[in-house]
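Student: File structure_1.txt below, compact mmCIF, C-alpha atoms:
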# COMPACT_ATOMS: atom_id res chain seq x y z
CA MET A 6 31.08 13.96 -20.33
CA SER A 7 30.42 11.53 -23.23
CA ILE A 8 33.27 9.57 -24.79
CA LYS A 9 32.83 11.51 -28.03
CA HIS A 10 33.35 14.85 -26.27
CA ARG A 11 36.37 13.52 -24.39
CA LEU A 12 37.93 12.35 -27.65
CA ILE A 13 37.13 15.67 -29.34
CA ILE A 14 39.10 17.52 -26.64
CA MET A 15 41.98 15.04 -26.99
CA ASN A 16 42.11 15.54 -30.78
CA PHE A 17 41.84 19.31 -30.45
CA LEU A 18 44.85 19.48 -28.10
CA GLN A 19 46.77 16.78 -30.02
CA PHE A 20 47.05 19.03 -33.06
CA PHE A 21 47.05 22.31 -31.15
CA VAL A 22 50.48 21.45 -29.72
CA TRP A 23 51.79 20.93 -33.26
CA GLY A 24 50.12 23.88 -34.97
CA ALA A 25 51.51 26.34 -32.40
CA TRP A 26 54.96 26.20 -34.02
CA LEU A 27 54.97 24.09 -37.22
CA ILE A 28 53.95 26.89 -39.60
CA THR A 29 55.74 29.74 -37.80
CA ILE A 30 59.09 28.24 -36.82
CA ALA A 31 60.69 29.57 -40.03
CA ASN A 32 60.01 33.13 -38.83
CA TYR A 33 61.90 32.36 -35.61
CA TRP A 34 64.73 30.62 -37.47
CA PHE A 35 65.33 33.14 -40.26
CA GLY A 36 63.92 36.36 -38.81
CA THR A 37 65.03 36.16 -35.17
CA LYS A 38 68.02 33.82 -35.14
CA ASN A 39 69.26 34.55 -38.69
CA TRP A 40 70.38 30.94 -39.14
CA ASP A 41 70.78 29.55 -42.68
CA GLY A 42 68.47 27.56 -44.95
CA THR A 43 70.43 24.33 -45.18
CA GLU A 44 70.36 23.95 -41.41
CA PHE A 45 66.65 24.80 -41.40
CA GLY A 46 66.00 22.00 -43.87
CA ALA A 47 67.66 19.66 -41.39
CA ILE A 48 65.25 20.84 -38.68
CA PHE A 49 62.21 19.90 -40.74
CA SER A 50 63.76 16.54 -41.55
CA THR A 51 63.54 15.59 -37.85
CA MET A 52 59.84 14.77 -38.34
CA GLY A 53 60.77 12.40 -41.11
CA ILE A 54 63.60 10.79 -39.16
CA ALA A 55 61.38 10.24 -36.13
CA SER A 56 58.58 8.86 -38.34
CA LEU A 57 60.88 6.16 -39.70
CA PHE A 58 61.12 4.24 -36.44
CA MET A 59 59.40 5.80 -33.41
CA PRO A 60 55.73 5.00 -34.26
CA THR A 61 56.71 1.37 -34.86
CA ILE A 62 58.66 1.07 -31.61
CA MET A 63 55.93 2.74 -29.55
CA GLY A 64 53.32 0.58 -31.29
CA ILE A 65 55.15 -2.60 -30.25
CA ILE A 66 55.45 -1.33 -26.65
CA ALA A 67 51.73 -0.45 -26.54
CA ASP A 68 50.79 -3.79 -28.05
CA ARG A 69 52.84 -5.91 -25.66
CA TRP A 70 53.69 -4.16 -22.42
CA VAL A 71 52.24 -0.69 -21.63
CA ASN A 72 48.73 0.74 -21.82
CA ALA A 73 48.43 2.98 -24.89
CA GLU A 74 46.97 5.87 -22.89
CA LYS A 75 49.83 5.74 -20.34
CA LEU A 76 52.42 5.77 -23.11
CA TYR A 77 50.55 8.63 -24.76
CA ILE A 78 50.54 10.68 -21.55
CA GLY A 79 54.22 10.10 -20.88
CA LEU A 80 55.25 11.07 -24.40
CA HIS A 81 53.33 14.34 -24.22
CA PHE A 82 55.00 15.34 -20.96
CA LEU A 83 58.41 14.57 -22.51
CA TYR A 84 57.44 16.52 -25.62
CA ALA A 85 56.61 19.55 -23.45
CA ILE A 86 60.02 19.37 -21.76
CA CYS A 87 61.74 19.30 -25.16
CA LEU A 88 59.73 22.31 -26.38
CA ILE A 89 60.69 24.34 -23.31
CA ALA A 90 64.33 23.40 -23.93
CA LEU A 91 64.04 24.59 -27.56
CA ALA A 92 63.33 28.11 -26.37
CA HIS A 93 66.77 28.23 -24.74
CA VAL A 94 68.90 26.59 -27.46
CA PRO A 95 71.79 28.88 -28.56
CA ASP A 96 72.90 27.33 -31.88
CA PRO A 97 71.51 25.39 -34.90
CA ASN A 98 73.24 22.10 -34.09
CA SER A 99 71.84 21.96 -30.57
CA PHE A 100 68.44 23.01 -31.92
CA PHE A 101 68.49 20.04 -34.32
CA THR A 102 69.27 17.61 -31.49
CA VAL A 103 66.52 18.91 -29.21
CA MET A 104 64.00 19.09 -32.06
CA LEU A 105 64.78 15.49 -33.01
CA LEU A 106 64.08 14.45 -29.41
CA ALA A 107 60.84 16.45 -29.48
CA MET A 108 59.73 14.73 -32.68
CA CYS A 109 60.66 11.30 -31.30
CA CYS A 110 58.17 12.07 -28.53
CA TYR A 111 55.45 13.69 -30.64
CA MET A 112 55.23 11.69 -33.88
CA PRO A 113 54.23 8.40 -32.17
CA THR A 114 51.36 10.18 -30.40
CA LEU A 115 49.63 10.71 -33.77
CA ALA A 116 49.14 6.96 -34.17
CA LEU A 117 48.50 6.42 -30.46
CA SER A 118 45.74 9.05 -30.41
CA ASN A 119 43.97 7.20 -33.25
CA SER A 120 44.43 3.88 -31.46
CA ILE A 121 42.98 5.27 -28.22
CA ALA A 122 40.02 6.76 -30.10
CA TYR A 123 39.30 3.50 -31.94
CA THR A 124 39.46 1.51 -28.71
CA ALA A 125 37.16 3.91 -26.87
CA LEU A 126 34.60 4.04 -29.70
CA ASN A 127 34.62 0.26 -30.11
CA GLN A 128 34.09 -0.18 -26.37
CA ALA A 129 31.09 2.14 -26.62
CA ASN A 130 29.75 0.22 -29.65
CA TYR A 131 30.03 3.14 -32.08
CA ASP A 132 30.36 2.72 -35.86
CA LEU A 133 33.97 3.86 -36.45
CA ILE A 134 33.39 4.99 -40.03
CA LYS A 135 30.58 7.31 -38.96
CA ALA A 136 31.81 8.35 -35.53
CA PHE A 137 35.53 9.00 -36.01
CA PRO A 138 35.70 11.63 -38.83
CA PRO A 139 33.59 14.23 -36.94
CA ILE A 140 35.91 13.72 -33.95
CA ARG A 141 39.12 13.88 -36.01
CA VAL A 142 38.12 17.13 -37.71
CA TRP A 143 38.51 18.84 -34.31
CA GLY A 144 42.22 18.09 -34.60
CA THR A 145 42.39 20.37 -37.63
CA ILE A 146 40.38 22.98 -35.72
CA GLY A 147 42.90 22.72 -32.87
CA PHE A 148 45.75 23.22 -35.34
CA ILE A 149 44.04 26.35 -36.68
CA ALA A 150 43.35 27.70 -33.18
CA ALA A 151 47.03 27.31 -32.28
CA MET A 152 48.11 29.16 -35.42
CA TRP A 153 45.77 32.03 -34.59
CA LEU A 154 46.90 32.18 -30.97
CA THR A 155 50.57 32.22 -31.96
CA ASN A 156 49.91 35.03 -34.44
CA LEU A 157 47.65 37.17 -32.26
CA THR A 158 49.98 36.97 -29.24
CA GLY A 159 52.92 38.20 -31.34
CA SER A 160 54.75 34.89 -30.90
CA LYS A 161 55.26 33.84 -34.51
CA ALA A 162 58.91 34.99 -34.57
CA THR A 163 59.73 34.36 -30.92
CA GLU A 164 60.32 31.45 -28.56
CA GLY A 165 56.78 32.11 -27.28
CA GLN A 166 55.44 29.64 -29.85
CA PHE A 167 57.30 26.81 -28.11
CA TYR A 168 55.91 27.83 -24.71
CA ILE A 169 52.37 27.85 -26.15
CA ALA A 170 52.87 24.34 -27.55
CA ALA A 171 54.50 23.11 -24.31
CA GLY A 172 51.63 24.50 -22.22
CA GLY A 173 49.13 22.75 -24.47
CA SER A 174 51.03 19.47 -24.22
CA ILE A 175 51.15 19.63 -20.42
CA LEU A 176 47.42 20.42 -20.36
CA LEU A 177 46.77 17.46 -22.69
CA GLY A 178 48.83 15.15 -20.46
CA ILE A 179 46.93 16.19 -17.32
CA TYR A 180 43.58 15.99 -19.11
CA SER A 181 44.41 12.52 -20.44
CA ILE A 182 45.19 11.16 -16.96
CA PHE A 183 41.58 11.69 -15.88
CA ASN A 184 39.59 11.40 -19.11
CA LEU A 185 41.03 8.76 -21.42
CA PRO A 186 39.80 5.16 -21.30
CA LYS A 187 42.04 2.25 -20.35
CA CYS A 188 43.73 0.77 -23.41
CA PRO A 189 45.66 -2.29 -22.18
CA PRO A 190 48.04 -4.23 -24.45
CA GLN A 191 46.18 -6.43 -26.94
CA HIS A 192 49.05 -8.86 -27.46
CA ASN A 193 48.36 -8.97 -31.18
CA ILE A 194 52.01 -9.77 -31.80
CA LYS A 195 52.70 -13.41 -31.09
CA GLU A 196 55.60 -14.29 -28.83
CA ASN A 197 57.29 -16.34 -31.54
CA SER A 198 56.91 -13.68 -34.25
CA SER A 199 59.99 -12.88 -36.30
CA LEU A 200 61.66 -9.47 -36.02
CA SER A 201 60.42 -8.56 -39.52
CA GLN A 202 56.83 -9.37 -38.51
CA MET A 203 57.12 -7.33 -35.31
CA LEU A 204 58.45 -4.31 -37.18
CA GLY A 205 55.92 -4.56 -39.98
CA LEU A 206 58.67 -5.23 -42.53
CA GLU A 207 56.53 -7.81 -44.31
CA ALA A 208 54.90 -4.93 -46.17
CA PHE A 209 58.18 -4.18 -47.96
CA LYS A 210 57.43 -7.20 -50.14
CA LEU A 211 54.92 -4.91 -51.87
CA PHE A 212 57.85 -3.27 -53.65
CA GLY A 213 57.99 -6.45 -55.73
CA ASN A 214 54.68 -5.39 -57.31
CA TYR A 215 55.20 -2.80 -60.08
CA LYS A 216 52.05 -0.80 -59.36
CA MET A 217 52.54 -0.74 -55.60
CA ALA A 218 56.23 0.13 -55.94
CA LEU A 219 55.36 3.09 -58.18
CA PHE A 220 52.67 4.20 -55.75
CA PHE A 221 55.04 4.25 -52.78
CA ILE A 222 57.77 6.05 -54.76
CA PHE A 223 55.34 8.76 -55.86
CA SER A 224 54.10 8.96 -52.26
CA MET A 225 57.63 9.78 -51.16
CA PHE A 226 58.10 12.52 -53.76
CA LEU A 227 54.71 14.06 -52.99
CA GLY A 228 55.44 13.82 -49.25
CA ALA A 229 58.42 16.07 -49.96
CA ALA A 230 56.06 18.71 -51.39
CA LEU A 231 54.09 18.83 -48.14
CA GLN A 232 57.23 19.76 -46.22
CA LEU A 233 57.91 22.67 -48.59
CA THR A 234 54.62 24.39 -47.87
CA ASN A 235 54.76 23.72 -44.11
CA ALA A 236 58.32 24.96 -43.82
CA TYR A 237 58.24 28.09 -45.94
CA GLY A 238 54.63 29.28 -46.38
CA ASP A 239 54.40 31.61 -43.39
CA VAL A 240 57.90 33.11 -43.64
CA PHE A 241 57.21 33.79 -47.35
CA LEU A 242 54.22 35.96 -46.43
CA ASP A 243 56.05 37.57 -43.52
CA GLU A 244 59.00 38.67 -45.68
CA PHE A 245 56.77 40.91 -47.77
CA LYS A 246 57.41 43.36 -44.89
CA TYR A 247 60.78 44.15 -46.49
CA PHE A 248 59.04 45.56 -49.57
CA PRO A 249 58.14 49.20 -48.78
CA LYS A 250 55.00 49.12 -50.92
CA TYR A 251 53.59 46.24 -48.83
CA VAL A 252 54.84 47.32 -45.40
CA ASP A 253 51.39 48.27 -44.05
CA SER A 254 49.57 45.22 -45.40
CA PHE A 255 47.46 43.21 -42.96
CA VAL A 256 48.78 40.05 -44.68
CA ILE A 257 52.17 40.65 -43.08
CA GLU A 258 50.84 41.20 -39.58
CA TYR A 259 48.43 38.28 -39.78
CA SER A 260 50.38 35.95 -42.07
CA THR A 261 49.74 32.92 -39.86
CA ILE A 262 46.00 33.56 -39.88
CA ILE A 263 46.08 33.82 -43.68
CA MET A 264 47.95 30.51 -43.81
CA SER A 265 45.29 28.92 -41.58
CA ILE A 266 42.89 29.15 -44.55
CA SER A 267 44.80 26.09 -45.79
CA GLN A 268 43.73 24.08 -42.74
CA ILE A 269 40.17 25.42 -42.93
CA SER A 270 40.09 24.25 -46.55
CA GLU A 271 41.10 20.77 -45.41
CA THR A 272 37.93 20.39 -43.37
CA VAL A 273 35.82 21.22 -46.45
CA PHE A 274 37.58 19.00 -48.99
CA ILE A 275 37.44 16.00 -46.67
CA LEU A 276 33.66 16.06 -47.20
CA ALA A 277 34.09 16.11 -51.00
CA ILE A 278 36.33 13.04 -51.19
CA PRO A 279 33.56 10.37 -51.36
CA PHE A 280 31.98 12.13 -54.37
CA PHE A 281 35.26 12.51 -56.24
CA LEU A 282 36.36 8.93 -55.55
CA LYS A 283 33.05 7.52 -56.77
CA ARG A 284 33.00 9.76 -59.84
CA PHE A 285 36.63 9.64 -60.96
CA GLY A 286 38.40 6.83 -59.14
CA ILE A 287 41.52 6.74 -56.98
CA LYS A 288 44.11 7.41 -59.70
CA GLN A 289 42.29 10.47 -61.05
CA VAL A 290 41.76 11.85 -57.55
CA MET A 291 45.45 11.43 -56.73
CA LEU A 292 46.31 13.13 -60.03
CA ILE A 293 43.96 16.00 -59.16
CA ALA A 294 45.86 16.32 -55.89
CA MET A 295 49.18 16.59 -57.74
CA VAL A 296 47.83 19.28 -60.07
CA ALA A 297 46.54 21.09 -56.98
CA TRP A 298 50.10 21.10 -55.58
CA VAL A 299 51.29 22.73 -58.82
CA LEU A 300 48.61 25.41 -58.36
CA ARG A 301 49.51 25.80 -54.67
CA PHE A 302 53.09 26.73 -55.49
CA GLY A 303 52.37 28.56 -58.74
CA LEU A 304 49.82 30.87 -57.14
CA PHE A 305 52.27 31.65 -54.33
CA ALA A 306 54.89 32.55 -56.96
CA TYR A 307 52.74 35.31 -58.45
CA GLY A 308 50.78 36.36 -55.37
CA ASN A 309 51.33 39.49 -53.29
CA PRO A 310 49.57 41.25 -50.37
CA THR A 311 47.68 43.76 -52.57
CA SER A 312 46.72 43.11 -56.21
CA GLY A 313 47.77 39.46 -55.92
CA LEU A 314 46.08 38.73 -52.60
CA TRP A 315 43.44 36.64 -54.37
CA MET A 316 46.20 34.32 -55.57
CA ILE A 317 47.51 33.80 -52.04
CA ILE A 318 44.01 33.07 -50.72
CA LEU A 319 43.24 30.75 -53.65
CA SER A 320 46.55 28.96 -53.04
CA CYS A 321 45.50 28.34 -49.44
CA ILE A 322 42.12 27.03 -50.56
CA VAL A 323 43.71 24.71 -53.12
CA TYR A 324 45.94 23.30 -50.37
CA GLY A 325 42.97 21.49 -48.84
CA MET A 326 42.44 19.57 -52.08
CA ALA A 327 46.18 18.95 -52.55
CA PHE A 328 46.63 17.54 -49.04
CA ASP A 329 43.39 15.62 -48.49
CA PHE A 330 42.93 14.12 -51.94
CA PHE A 331 46.30 12.40 -51.98
CA ASN A 332 46.63 11.40 -48.33
CA ILE A 333 43.13 9.98 -47.91
CA SER A 334 42.74 8.47 -51.39
CA GLY A 335 46.27 7.07 -51.08
CA SER A 336 45.36 5.42 -47.79
CA LEU A 337 42.26 3.94 -49.40
CA PHE A 338 44.35 2.66 -52.31
CA VAL A 339 46.59 0.81 -49.87
CA GLU A 340 43.54 -0.51 -48.02
CA THR A 341 41.95 -1.93 -51.18
CA ASN A 342 45.09 -3.28 -52.83
CA THR A 343 46.70 -5.27 -50.01
CA ASN A 344 45.61 -8.40 -48.19
CA ASN A 345 44.46 -8.24 -44.58
CA LYS A 346 47.59 -9.94 -43.22
CA ILE A 347 49.83 -6.99 -44.07
CA ARG A 348 47.25 -4.20 -44.40
CA SER A 349 48.24 -2.39 -41.20
CA SER A 350 51.91 -2.71 -42.04
CA ALA A 351 51.22 -1.42 -45.55
CA GLN A 352 49.49 1.65 -44.11
CA GLY A 353 52.53 2.16 -41.93
CA LEU A 354 54.74 1.90 -45.02
CA PHE A 355 52.61 4.52 -46.77
CA MET A 356 53.08 6.88 -43.83
CA MET A 357 56.80 6.07 -43.72
CA MET A 358 57.23 6.99 -47.38
CA THR A 359 55.28 10.26 -47.08
CA ASN A 360 56.06 11.51 -43.56
CA GLY A 361 59.39 9.71 -43.26
CA PHE A 362 61.50 9.48 -46.40
CA GLY A 363 59.46 12.15 -48.19
CA ALA A 364 59.82 14.60 -45.32
CA ILE A 365 63.58 14.04 -45.14
CA LEU A 366 63.95 14.45 -48.91
CA GLY A 367 61.86 17.62 -49.08
CA SER A 368 63.43 19.25 -46.05
CA ARG A 369 67.07 18.52 -46.82
CA VAL A 370 67.05 19.17 -50.55
CA SER A 371 64.90 22.32 -50.38
CA GLY A 372 67.07 23.87 -47.66
CA TRP A 373 70.23 23.21 -49.67
CA ALA A 374 68.72 24.42 -52.97
CA ILE A 375 67.33 27.63 -51.48
CA ASP A 376 70.69 28.49 -49.95
CA LYS A 377 72.66 27.69 -53.10
CA TYR A 378 70.41 28.89 -55.91
CA TYR A 379 67.62 31.06 -54.56
CA THR A 380 69.23 33.36 -51.99
CA LYS A 381 70.29 36.73 -53.37
CA THR A 382 73.24 38.63 -51.90
CA PHE A 383 73.35 42.44 -51.92
CA ASN A 384 76.34 44.68 -51.27
CA ASP A 385 74.87 48.08 -52.07
CA SER A 386 71.64 49.95 -51.55
CA GLY A 387 71.00 50.42 -55.28
CA SER A 388 70.76 46.72 -56.12
CA LEU A 389 68.76 46.04 -52.94
CA ALA A 390 66.33 48.84 -53.79
CA SER A 391 65.81 47.35 -57.24
CA PHE A 392 65.06 43.93 -55.76
CA LEU A 393 62.62 45.40 -53.22
CA GLU A 394 60.99 47.49 -55.96
CA THR A 395 61.67 50.90 -54.43
CA THR A 396 64.25 53.70 -54.39
CA ALA A 397 67.54 53.77 -52.50
CA ASP A 398 66.40 56.69 -50.33
CA ASN A 399 63.08 55.16 -49.30
CA PRO A 400 62.69 55.51 -45.49
CA ASN A 401 61.35 51.97 -45.10
CA LEU A 402 64.29 50.57 -47.06
CA LEU A 403 66.74 52.47 -44.87
CA LYS A 404 64.94 51.13 -41.80
CA VAL A 405 65.33 47.54 -43.06
CA ILE A 406 69.06 48.08 -43.62
CA GLN A 407 69.44 49.55 -40.14
CA GLU A 408 67.49 46.72 -38.49
CA LYS A 409 69.80 44.24 -40.18
CA GLY A 410 72.78 45.94 -38.51
CA ILE A 411 74.27 47.13 -41.82
CA GLN A 412 76.36 50.31 -42.05
CA VAL A 413 76.24 52.17 -45.39
CA THR A 414 79.02 54.31 -46.86
CA ASP A 415 78.28 55.97 -50.21
CA GLY A 416 75.65 53.34 -50.86
CA ILE A 417 78.01 50.41 -50.13
CA PHE A 418 77.27 47.96 -47.29
CA ASN A 419 79.94 47.04 -44.76
CA GLN A 420 78.71 43.44 -44.99
CA ALA A 421 76.55 41.49 -47.40
CA LEU A 422 72.78 41.38 -46.96
CA GLN A 423 70.79 38.34 -48.13
CA PHE A 424 67.16 37.88 -49.15
CA LYS A 425 65.35 34.85 -50.50
CA ASP A 426 64.04 34.96 -54.05
CA TRP A 427 60.58 33.64 -53.20
CA HIS A 428 59.15 34.05 -56.71
CA ASN A 429 61.67 31.66 -58.24
CA ILE A 430 61.59 29.36 -55.20
CA TRP A 431 57.86 28.75 -55.69
CA ILE A 432 58.30 28.43 -59.46
CA ALA A 433 60.91 25.70 -58.88
CA PHE A 434 58.58 23.89 -56.46
CA ALA A 435 55.70 24.15 -58.98
CA ILE A 436 57.87 22.66 -61.75
CA TYR A 437 58.91 19.86 -59.38
CA THR A 438 55.29 18.87 -58.65
CA LEU A 439 54.30 19.27 -62.32
CA ILE A 440 56.97 16.75 -63.34
CA ILE A 441 55.69 14.33 -60.68
CA ALA A 442 52.11 14.75 -61.95
CA ILE A 443 53.09 14.10 -65.58
CA LEU A 444 55.15 11.02 -64.71
CA PHE A 445 52.35 9.70 -62.46
CA ALA A 446 49.77 10.12 -65.24
CA ILE A 447 52.00 8.24 -67.70
CA LEU A 448 53.49 5.49 -65.53
CA PHE A 449 50.83 4.65 -62.95
CA ARG A 450 48.13 2.33 -64.32
CA HIS A 451 45.00 1.73 -62.28
CA LYS A 452 41.58 1.02 -63.75
CA HIS A 453 38.59 2.61 -62.06
CA VAL A 454 35.43 0.54 -61.92
CA LYS A 455 32.42 2.80 -61.42
CA GLU A 456 29.96 1.78 -58.75
CA GLN A 457 26.48 0.97 -59.95
CA GLY A 458 23.55 3.03 -58.79
Show me, as structure tokens, the structure contained in the file I just sent.

Tutor:
Amino acid sequence: MSIKHRLIIMNFLQFFVWGAWLITIANYWFGTKNWDGTEFGAIFSTMGIASLFMPTIMGIIADRWVNAEKLYIGLHFLYAICLIALAHVPDPNSFFTVMLLAMCCYMPTLALSNSIAYTALNQANYDLIKAFPPIRVWGTIGFIAAMWLTNLTGSKATEGQFYIAAGGSILLGIYSIFNLPKCPPQHNIKENSSLSQMLGLEAFKLFGNYKMALFFIFSMFLGAALQLTNAYGDVFLDEFKYFPKYVDSFVIEYSTIIMSISQISETVFILAIPFFLKRFGIKQVMLIAMVAWVLRFGLFAYGNPTSGLWMIILSCIVYGMAFDFFNISGSLFVETNTNNKIRSSAQGLFMMMTNGFGAILGSRVSGWAIDKYYTKTFNDSGSLASFLETTADNPNLLKVIQEKGIQVTDGIFNQALQFKDWHNIWIAFAIYTLIIAILFAILFRHKHVKEQG
């Protein structure tokens, strides 16, 4: 098997083991476990916490002491163990601890997989710029395949999603033992390097530059937006099942497949980036991405499984532009506005601000805000029927009440019943990203020089 095909399989499984649960875990958390939103926000922040330090630590180990492929294999086996443990966790606090351990194992493998691919392609004398993107796109395809498998096997609200991911991670570990090239330590870090140089902290000096400081701050706030759509998109579609008029919609049964349109869109917009960058420049492309985030959330706010289905689908299509245009153009901005001595560290700082601090901000604040301001409490069937746009005697409404374990006496519930106000949740998120876009357009100054020819 050629090195390209071996790397394609690695990338496919690398993102498969993430996609199996990332989009659907909210269904398990809210629908099966009935745990609250603030605690769920903490769960999604584990990716951010792990991204703050684990990639750096693993990078130092791979650079100085252990082959990158061996470290990669070991981390995936540990990740699988953590995922299996997640399926047996009885309470939110324990779930947070195990998920944090899982993310400490998984997040470094994202960088390691790129490092392994670059090493292998360089050894085979391939042009990285031409050879790597067609390989990396199979990671997105793997993510989509996992989403579909989780949905079609009925695992989107069960612990089955963690078993699917764990199985994929074990398979990836075994596959990697026999198919990945040797990637010995390069010893790029000198023995007498300072701690700040080893940890890539030199890049923090970029905060002394007004334009770069603004860029990293906006990266953090936009990174928060990414967590909102990952955390709540699928459960939003799934909860249309509580509305009697939508109960038979295919959108509810196949919500994860509908959400996978977002990832499919990514693969298309990646191809459009060179044209947009050449035509409009980095600032305008990043601004387009921010406007796309506003549309992503706004379309969700007014979409529904029947007459508003087009809005949901368009929202998923727009996601590809929102995600790719900022992440890739942002990475290019860092590449072209930093010197080569700190360029790698600066890229790490960009990822830290988006996937680290941004993820923590988005996860924590959104979970708290949804619980406090956007969760409606119902104590009687009349008010609940009004919210679900039906009548108090509707059979599907009565079934929902029964499934929630509520006893009704003269229309009054024996305990409160809560539902999320998704319309206003998405409106709030859209306003948040609109404010970021306006401030970015006003404050961030970057002149685009059009290429000749």

Student: Could you name the residues that touch Gly335 (chain A) at 12 Å or less, counting all atoms listed in the file, but leaving out those on the same chain fewer than 4 positions away, as a ChimeraX atom specification?

Tutor: /A:217,220-221,223-225,227-228,278,282,286-292,294-295,327-331,339-342,351-352,354-356,358-359

Student: Find the nearest atom pair between each residue of region 329-418 of chain A and region 434-454 of chain A for residues within 12 Å, count all atoms listed in the file, give distances in Å to one decimal, sort rows by chain and ascending number, and present the table as JSON lines.

Tutor:
{"residue": "A:Phe331", "atom": "CA", "partner": "A:Ala442", "partner_atom": "CA", "distance": 11.8}
{"residue": "A:Phe338", "atom": "CA", "partner": "A:His451", "partner_atom": "CA", "distance": 10.0}
{"residue": "A:Asn342", "atom": "CA", "partner": "A:His451", "partner_atom": "CA", "distance": 10.7}
{"residue": "A:Gly367", "atom": "CA", "partner": "A:Phe434", "partner_atom": "CA", "distance": 10.2}
{"residue": "A:Val370", "atom": "CA", "partner": "A:Phe434", "partner_atom": "CA", "distance": 11.4}
{"residue": "A:Ser371", "atom": "CA", "partner": "A:Phe434", "partner_atom": "CA", "distance": 8.9}
{"residue": "A:Ala374", "atom": "CA", "partner": "A:Phe434", "partner_atom": "CA", "distance": 10.7}
{"residue": "A:Ile375", "atom": "CA", "partner": "A:Phe434", "partner_atom": "CA", "distance": 10.7}
{"residue": "A:Tyr379", "atom": "CA", "partner": "A:Phe434", "partner_atom": "CA", "distance": 11.7}

Student: Can you tell me, as number ranges by chain, what residues are no more than 9 Å from Phe245 (chain A) when counting all atoms listed in the file, ignoring any on the same chain fewer than 2 positions away?

Tutor: A: 240-243, 247-252, 254, 256-257, 309-310

Student: Which residues are close to region 417-428 of chain A, i.e. within 12 Å by all atoms listed in the file, leaving aside same-chain residues fewer than 5 positions away? Reply as number ranges by chain.

Tutor: A: 35-36, 39-42, 237-248, 302-309, 372, 374-390, 392-393, 397, 403, 405-412, 433-435

Student: Determine the nearest neighbour of Pro186 (chain A) from the options A:Ile266, A:Val103, A:Ala47, A:Met15, counting all atoms listed in the file.

Tutor: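 For Pro186 (chain A), the nearest of the candidates is A:Met15.
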
Student: Determine the nearest neighbour of Ile179 (chain A) from the options A:Arg301, A:His81, A:Arg284, A:His10, counting only C-alpha atoms.

Tutor: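 Once distances to Ile179 (chain A) are computed over only C-alpha atoms, the minimum belongs to A:His81.
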
Student: What is the CA of Phe82 (chain A) to CA of Ser368 (chain A) distance in Å?

Tutor: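 Here the two named atoms are 26.8 Å from each other.
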
Student: Rounded to one decimal, what separation in Å do you get between CA of Glu164 (chain A) and CA of Ala92 (chain A)?

Tutor: 5.0 Å

Student: Out of A:Asn360, A:Asn32, A:Asn429, A:Thr37, which residue has the shortest atom-to-atom distance to Ser56 (chain A) when counting all atoms listed in the file?

Tutor: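 Of the candidates, the smallest distance to Ser56 (chain A) is held by A:Asn360.
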
Student: Given only C-alpha atoms as the basis, pick out the residue of A:Ala162, A:Ala230, A:Ile28, A:Leu117 nearest to Val299 (chain A).

Tutor: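 Of all the options, A:Ala230 lies closest to Val299 (chain A).
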
Student: How far is it from CA of Gly79 (chain A) to CA of Leu12 (chain A), in Å with one decimal?

Tutor: 17.8 Å

Student: List as a PyMOL selection string the protein and nucleic acid residues near region 172-178 of chain A, meaning an atom at most 10 Å away when only C-alpha atoms are counted, but skip any in the same chain fewer than 2 places from it.

Tutor: chain A and resi 14-23+25+74-75+77-86+88-89+111+151+166-170+180-183

Student: Out of A:Val94, A:Ala129, A:Ile318, A:Ala31, which residue has the shortest atom-to-atom distance to Ser265 (chain A) when counting all atoms listed in the file?

Tutor: A:Ile318
